[in-house]
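Structure, as structure tokens:
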Amino acid sequence: MKDLKHMIYFEHLLEDAQNDLVREAKADGRLALGYTCYHIPEVLMNLGDCFSVRLRAPNSGSVDIATYYMANSACEYSRALLERAIEGNYNFLDGLLGVDVCEPMNRAMENMALLHLHDDHDKFVRCYMDIPYADDEDCVEHLKEQVTRKILNPLHDVYGVDISDAAIREAVKKYNKVCKVVREIGDFRKQLNPVITGSEFHKICLVSFVCPKDLILPYLEETLEELKTREPDPVSKYKARVGIVGSEIDDPTFIELVEDSGALVVFDRFCYGSIPGRNQIILTEDEDALTQICRQNLRETECPRNCAYHKLEYRKGHVKQLHDEYHADGVIYEQMKFCTYWSFERTLASHIMPEEYGIHVLSIDRPYISRASGQLRTRVQAFVESLEFKKIKSKKQGKEN
């Protein structure tokens, strides 16, 4: 297929947390708020002159210094973030918003504070939120209280940010524009011969998380229009279609590894993916916007930390729905090494999804940066071959019948 006009620029933006659009926004006096987790409603970090930057550690190498402060059994993502913070890569931030989700991320955020990494910023906003494990109305009220006390009020008191209901609704309108475009681009993957690859889409989705929304939106809109007339390859080079479900993936080389192994990635149900990370927020007029945002955040999260039984059932059923909707041949369940929550979810899925839902599953754990993993590549290639054999066998049985 013809190269997308802005793809090289998107790749450039993903090379550094303080990318060109972040620098442009900072030069205009805007406030950069760093965060790591879906459990913090992203739209609330984009009020007024604020913009959100979901933290990554691209091109990570050694994490030896971070490992000194943390356990070597902590996930590489949390250690990579601490390493990069110690190096000064996040010094451009005006605030750092964390959530009490898992022990490794707790330790990473704790050490950033103990090492006084942002003490030279006299107005730096730092918070750590307690997140409920369920999604009933008591949990909605708890999340609303946490967000108000630990994010909105400090932003208002320290930086004078407008946190009124009208300001929140305006932020939702702008946020939804980005979500709508990203999801429309992602829908092209439902085509039997898509005009976009999984790795291309992942890069497009990632830039929407790490760049100011208003500055990246024109590039996304132009890419959407470009895709409407893009011609697919006459014959697809991929042997199978797969979805990826699991923990944090901000490394485009992992998606490229899967696709280089012969499997087109057609849906992304993982942290830093578009499902549910790029769902639009639907507001009504009969209730304040903040309550509705908190409720939707809790209801739509697919994090295995939410351990209510109905959420366990929802996550499995949703994977089945996506598998069918995107015409996938199988699903890769992945987790970052040492991730407690996803190791439990992945182990269950490796048995339940094939046995109860009839979905072919590859279950893997992986390093934060996957580009050099020959073992991982071999496993994905073997999975692709099994899916290809399954399709050949199915066609043969169909002819015999």
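The way I read the labels, and the way they are meant: chains A, B, ... in the order of the structure tokens, residue 1 as the first residue of every chain, and ligand 1 as the first ligand shown, with later ones counted on from there.
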
Spatial neighbours of segment 58-61 of chain A, max dist 12 Å, only C-alpha atoms, sep filter under 6 positions, as a VMD selection string | chain A and resid 11 to 19 76 to 84 87 89 206 210 249 to 253 367 to 372

Listing only residues of segment 287-326 of chain A within 8 Å of segment 260-283 of chain A, what is the closest atom pair and its distance in Å (to one decimal) for each, using only C-alpha atoms, sorted by chain and residue number ascending, as a Markdown table?
| residue | atom | partner | partner_atom | distance |
| --- | --- | --- | --- | --- |
| A:Ala289 | CA | A:Leu283 | CA | 6.5 |
| A:Gln292 | CA | A:Leu283 | CA | 6.6 |
| A:Ile293 | CA | A:Ile281 | CA | 7.0 |
| A:Gln296 | CA | A:Ile281 | CA | 7.4 |
| A:Glu300 | CA | A:Pro276 | CA | 6.7 |
| A:Thr301 | CA | A:Pro276 | CA | 6.9 |
| A:Glu302 | CA | A:Pro276 | CA | 7.6 |
| A:Val319 | CA | A:Arg269 | CA | 7.8 |
| A:Leu322 | CA | A:Phe267 | CA | 7.2 |
| A:Tyr326 | CA | A:Val266 | CA | 6.3 |

Selection: 9 Å around Lys316 of chain A, only C-alpha atoms, excl. self and same-chain fewer than 4 positions, as a PDB file with N, CA, C and O atoms, in the first residue's frame:
ATOM      1  N   LYS A 311     -17.880  -8.136  35.889  1.00  0.00           N
ATOM      2  CA  LYS A 311     -16.826  -7.576  35.037  1.00  0.00           C
ATOM      3  C   LYS A 311     -15.970  -8.690  34.429  1.00  0.00           C
ATOM      4  O   LYS A 311     -15.524  -8.576  33.281  1.00  0.00           O
ATOM      5  N   LEU A 312     -15.740  -9.755  35.188  1.00  0.00           N
ATOM      6  CA  LEU A 312     -15.029 -10.907  34.626  1.00  0.00           C
ATOM      7  C   LEU A 312     -15.778 -11.458  33.424  1.00  0.00           C
ATOM      8  O   LEU A 312     -15.191 -11.745  32.365  1.00  0.00           O
ATOM      9  N   LYS A 320     -15.031 -11.992  22.795  1.00  0.00           N
ATOM     10  CA  LYS A 320     -15.750 -12.785  21.805  1.00  0.00           C
ATOM     11  C   LYS A 320     -16.455 -11.883  20.795  1.00  0.00           C
ATOM     12  O   LYS A 320     -16.412 -12.139  19.581  1.00  0.00           O
ATOM     13  N   GLN A 321     -17.069 -10.809  21.282  1.00  0.00           N
ATOM     14  CA  GLN A 321     -17.749  -9.873  20.398  1.00  0.00           C
ATOM     15  C   GLN A 321     -16.769  -9.234  19.413  1.00  0.00           C
ATOM     16  O   GLN A 321     -17.043  -9.142  18.210  1.00  0.00           O
ATOM     17  N   ALA A 349      -7.896 -17.045  30.642  1.00  0.00           N
ATOM     18  CA  ALA A 349      -8.325 -16.935  29.244  1.00  0.00           C
ATOM     19  C   ALA A 349      -7.765 -18.046  28.376  1.00  0.00           C
ATOM     20  O   ALA A 349      -8.418 -18.503  27.433  1.00  0.00           O
ATOM     21  N   ILE A 352     -10.356 -20.797  29.226  1.00  0.00           N
ATOM     22  CA  ILE A 352     -11.778 -20.502  29.080  1.00  0.00           C
ATOM     23  C   ILE A 352     -12.142 -20.112  27.651  1.00  0.00           C
ATOM     24  O   ILE A 352     -13.162 -20.577  27.112  1.00  0.00           O
ATOM     25  N   MET A 353     -11.336 -19.259  27.023  1.00  0.00           N
ATOM     26  CA  MET A 353     -11.704 -18.776  25.689  1.00  0.00           C
ATOM     27  C   MET A 353     -11.765 -19.905  24.653  1.00  0.00           C
ATOM     28  O   MET A 353     -12.713 -19.965  23.862  1.00  0.00           O
ATOM     29  N   TYR A 357     -15.672 -20.505  24.470  1.00  0.00           N
ATOM     30  CA  TYR A 357     -16.027 -19.571  23.409  1.00  0.00           C
ATOM     31  C   TYR A 357     -15.523 -20.006  22.033  1.00  0.00           C
ATOM     32  O   TYR A 357     -15.814 -19.351  21.031  1.00  0.00           O
TER      33      TYR A 357
END

With a distance cut-off of 10 Å and only C-alpha atoms, select the neighbouring residues of His323 of chain A, excluding the residue or stretch itself and same-chain residues fewer than 4 positions from it, and output the selection as number ranges by chain.
-> A: 241-244, 266-267, 317-319, 327-331, 359

Write down as number ranges by chain the residues belonging to segment 259-396 of chain A that are assigned alpha helix (DSSP H) by DSSP computed on the backbone.
-> A: 259-260, 289-300, 309-325, 340-357, 374-396

Compare A:Glu42, A:Asp233, A:Glu355, A:Asp94 by their minimum atom-to-atom distance to Asp120 of chain A, counting only C-alpha atoms, and give me the closest one.
-> A:Asp94

Residues near Ser350 of chain A, cut-off 12 Å, only C-alpha atoms, skip fewer than 5 positions along chain, as a list in words | Val245, Lys316, Gly330, Val331, Ile332, Tyr333, Glu334, Trp342, Ser343, Phe344, Glu345, Glu355, Glu356, Tyr357, Gly358, Ile359, His360, Val361, Leu362, Ser363 and Ile364 of chain A
